[in-house]
Each structure stands twice: as structure tokens, then as C-alpha cells.
Amino acid sequence: MARKSLIQREKKRIKLEQKYHLIRRSSKKEISKVHLVSDQWEIHGKLQSPPRNSAPTRLHRRCFLTGRARANYRDFGLSGHILREMVHACLLPGATRSSW
């Protein structure tokens with residue numbers, strides 16, 4: 001189980017990203033429309049003004065059950081070891097366990 005503080009920090013980042021999403025998108029469109037380098041630098045400064053945690057690259061995918069940040073499978077939203085346990089317990093329909 002991940003620490004509660006890490007999970008709460010991730011939720012805070014998600015809220016910040018949603019809040020500043022339109023500002024980032026509009027400033028990126030402005031940069032692509034402007035041809036003067038000095039104007040592009042000015043708009044780029046505006047792009048850097050929102051908080052760092054509002055950037056979408058700072059978000060992590062977390063396990064639905066445990067909150068683990070590593071070894072996540074997008075299709076299931078689970079970390080590797082939880083996915084393996086659920087497949088062995090036949091809790092995921094359509095998923096087969098490997099045997100060799």
C-alpha cells in the first residue's frame with residue numbers, strides 16, 4: 001500500500017492539471033501562430049508561470065487498489081503483482097495466466 005501522503009499529492013496534481021489545462025493549451029497555440037522569436041519568448045514565459053505540478057508530465061498512473069506507482073497495466077489499472085494475484089484467483093474475466 002502506498003503512503004497516503006503520496007496518493008493525496010497525486011490527487012492534488014490531477015486537480016492542478018485540470019485547472020491549468022486550458023491556459024497551457026491556449027499559450028501553446030499562440031506560440032505556434034507567432035513568427036517573431038521575441039514574441040515566442042514572451043509567450044513561453046507565460047507558459048512557465050503556472051505551478052510545476054500542473055504540468056501533465058508530472059502525473060503518474062497509480063494502481064486502483066494499492067496506489068502503487070510502478071508496474072501499472074493501463075488495460076486493468078492495476079499493478080503487476082495485484083494483477084497476477086487476481087488472475088490466479090480467476091477474478092479477471094478473459095485474462096489467462098501463463099504456465100510453462
# chains A, B, ... in the order shown; residues from 1 in each chain; ligands from 1
>>> select_by_dssp(residues="chain A", states="strand (DSSP E)", output="ChimeraX atom specification")
/A:72-73,78-79
>>> write_last_selection(atoms="all heavy atoms", output="PDB file, in the first residue's frame")
ATOM      1  N   ASN A  72       2.397  -0.538 -13.629  1.00  0.00           N
ATOM      2  CA  ASN A  72       0.955  -0.496 -13.836  1.00  0.00           C
ATOM      3  C   ASN A  72       0.597  -0.929 -15.242  1.00  0.00           C
ATOM      4  O   ASN A  72       1.297  -0.610 -16.198  1.00  0.00           O
ATOM      5  CB  ASN A  72       0.416   0.932 -13.625  1.00  0.00           C
ATOM      6  CG  ASN A  72       0.310   1.262 -12.170  1.00  0.00           C
ATOM      7  OD1 ASN A  72      -0.267   0.502 -11.417  1.00  0.00           O
ATOM      8  ND2 ASN A  72       0.870   2.376 -11.779  1.00  0.00           N
ATOM      9  N   TYR A  73      -0.502  -1.638 -15.344  1.00  0.00           N
ATOM     10  CA  TYR A  73      -1.036  -2.051 -16.640  1.00  0.00           C
ATOM     11  C   TYR A  73      -2.234  -1.162 -16.951  1.00  0.00           C
ATOM     12  O   TYR A  73      -3.198  -1.114 -16.188  1.00  0.00           O
ATOM     13  CB  TYR A  73      -1.450  -3.525 -16.587  1.00  0.00           C
ATOM     14  CG  TYR A  73      -0.253  -4.441 -16.552  1.00  0.00           C
ATOM     15  CD1 TYR A  73       0.370  -4.752 -15.352  1.00  0.00           C
ATOM     16  CD2 TYR A  73       0.266  -4.979 -17.715  1.00  0.00           C
ATOM     17  CE1 TYR A  73       1.468  -5.575 -15.307  1.00  0.00           C
ATOM     18  CE2 TYR A  73       1.370  -5.812 -17.691  1.00  0.00           C
ATOM     19  CZ  TYR A  73       1.963  -6.104 -16.485  1.00  0.00           C
ATOM     20  OH  TYR A  73       3.062  -6.923 -16.459  1.00  0.00           O
ATOM     21  N   LEU A  78      -4.196  -1.761 -12.715  1.00  0.00           N
ATOM     22  CA  LEU A  78      -3.655  -2.463 -11.549  1.00  0.00           C
ATOM     23  C   LEU A  78      -2.147  -2.609 -11.683  1.00  0.00           C
ATOM     24  O   LEU A  78      -1.608  -2.633 -12.791  1.00  0.00           O
ATOM     25  CB  LEU A  78      -4.285  -3.858 -11.435  1.00  0.00           C
ATOM     26  CG  LEU A  78      -5.791  -3.912 -11.242  1.00  0.00           C
ATOM     27  CD1 LEU A  78      -6.279  -5.337 -11.407  1.00  0.00           C
ATOM     28  CD2 LEU A  78      -6.167  -3.380  -9.878  1.00  0.00           C
ATOM     29  N   SER A  79      -1.473  -2.742 -10.545  1.00  0.00           N
ATOM     30  CA  SER A  79      -0.043  -3.006 -10.581  1.00  0.00           C
ATOM     31  C   SER A  79       0.192  -4.479 -10.893  1.00  0.00           C
ATOM     32  O   SER A  79      -0.724  -5.307 -10.821  1.00  0.00           O
ATOM     33  CB  SER A  79       0.607  -2.626  -9.253  1.00  0.00           C
ATOM     34  OG  SER A  79       0.080  -3.405  -8.217  1.00  0.00           O
TER      35      SER A  79
END
>>> residues_around(residues="A:Ile14", least_positions_apart="3", cutoff="8 Å", atoms="only C-alpha atoms", output="MDAnalysis selection string")
chainID A and resid 10:11 17:18 54 59
>>> atom_distance(atom1="atom CA of A:Ile23", atom2="atom CA of A:Pro51")
11.7 Å
>>> atom_distance(atom1="atom CA of A:Thr96", atom2="atom CA of A:Asp75")
14.2 Å
>>> select_by_dssp(residues="chain A", states="alpha helix (DSSP H)", output="VMD selection string")
chain A and resid 4 to 33 37 to 47 80 to 88
>>> closest_residue(among="A:His21, A:Arg97, A:Arg84, A:Lys12", to="A:Ala55", atoms="only C-alpha atoms")
A:His21
>>> closest_residue(among="A:Pro56, A:Gly67, A:Pro93, A:Gly77", to="A:Arg13", atoms="only C-alpha atoms")
A:Pro56
>>> residues_around(residues="A:Ala95", least_positions_apart="6", cutoff="10 Å", atoms="only C-alpha atoms", output="number ranges by chain")
A: 83-84, 86-88
>>> residues_around(residues="A:His44", least_positions_apart="2", cutoff="12 Å", atoms="only C-alpha atoms", output="short mmCIF file (atom, residue, chain, number, x, y, z; two decimals) with N, CA and C atoms, in the first residue's frame")
data_model
loop_
_atom_site.label_atom_id
_atom_site.label_comp_id
_atom_site.auth_asym_id
_atom_site.auth_seq_id
_atom_site.Cartn_x
_atom_site.Cartn_y
_atom_site.Cartn_z
N ILE A 23 -5.20 27.01 -20.03
CA ILE A 23 -4.18 28.05 -20.14
C ILE A 23 -2.97 27.53 -20.90
N ARG A 24 -2.54 26.32 -20.58
CA ARG A 24 -1.40 25.73 -21.28
C ARG A 24 -1.70 25.51 -22.76
N ARG A 25 -2.88 25.00 -23.04
CA ARG A 25 -3.23 24.70 -24.43
C ARG A 25 -3.31 25.97 -25.26
N SER A 26 -3.92 27.02 -24.71
CA SER A 26 -4.05 28.26 -25.46
C SER A 26 -2.69 28.92 -25.71
N SER A 27 -1.81 28.89 -24.70
CA SER A 27 -0.49 29.51 -24.90
C SER A 27 0.35 28.71 -25.89
N LYS A 28 0.18 27.40 -25.95
CA LYS A 28 0.91 26.62 -26.94
C LYS A 28 0.41 26.92 -28.35
N LYS A 29 -0.89 27.15 -28.49
CA LYS A 29 -1.43 27.53 -29.80
C LYS A 29 -0.90 28.89 -30.23
N GLU A 30 -0.80 29.83 -29.27
CA GLU A 30 -0.28 31.16 -29.57
C GLU A 30 1.17 31.08 -30.04
N ILE A 31 1.96 30.23 -29.42
CA ILE A 31 3.37 30.09 -29.81
C ILE A 31 3.47 29.60 -31.25
N SER A 32 2.61 28.67 -31.63
CA SER A 32 2.67 28.15 -32.99
C SER A 32 2.21 29.18 -34.03
N VAL A 34 2.61 32.64 -33.72
CA VAL A 34 3.52 33.80 -33.77
C VAL A 34 4.81 33.41 -34.48
N VAL A 37 10.58 35.64 -32.89
CA VAL A 37 11.19 34.90 -31.79
C VAL A 37 10.98 35.62 -30.46
N SER A 38 11.05 36.95 -30.47
CA SER A 38 10.88 37.70 -29.23
C SER A 38 9.46 37.51 -28.67
N ASP A 39 8.47 37.47 -29.56
CA ASP A 39 7.10 37.24 -29.11
C ASP A 39 6.93 35.81 -28.59
N GLN A 40 7.60 34.88 -29.24
CA GLN A 40 7.53 33.49 -28.79
C GLN A 40 8.13 33.35 -27.39
N TRP A 41 9.23 34.06 -27.11
CA TRP A 41 9.84 34.01 -25.79
C TRP A 41 8.92 34.60 -24.74
N GLU A 42 8.21 35.65 -25.12
CA GLU A 42 7.27 36.28 -24.19
C GLU A 42 6.13 35.32 -23.82
N LYS A 46 4.95 33.11 -20.23
CA LYS A 46 3.60 32.90 -19.68
C LYS A 46 3.33 31.42 -19.46
N LEU A 47 3.87 30.59 -20.35
CA LEU A 47 3.67 29.15 -20.23
C LEU A 47 4.37 28.60 -19.00
N GLN A 48 5.44 29.24 -18.58
CA GLN A 48 6.17 28.79 -17.40
C GLN A 48 5.60 29.34 -16.09
N SER A 49 4.65 30.27 -16.18
CA SER A 49 4.12 30.87 -14.96
C SER A 49 3.22 29.97 -14.12
N PRO A 50 2.44 29.01 -14.69
CA PRO A 50 1.65 28.13 -13.82
C PRO A 50 2.55 27.25 -12.95
#
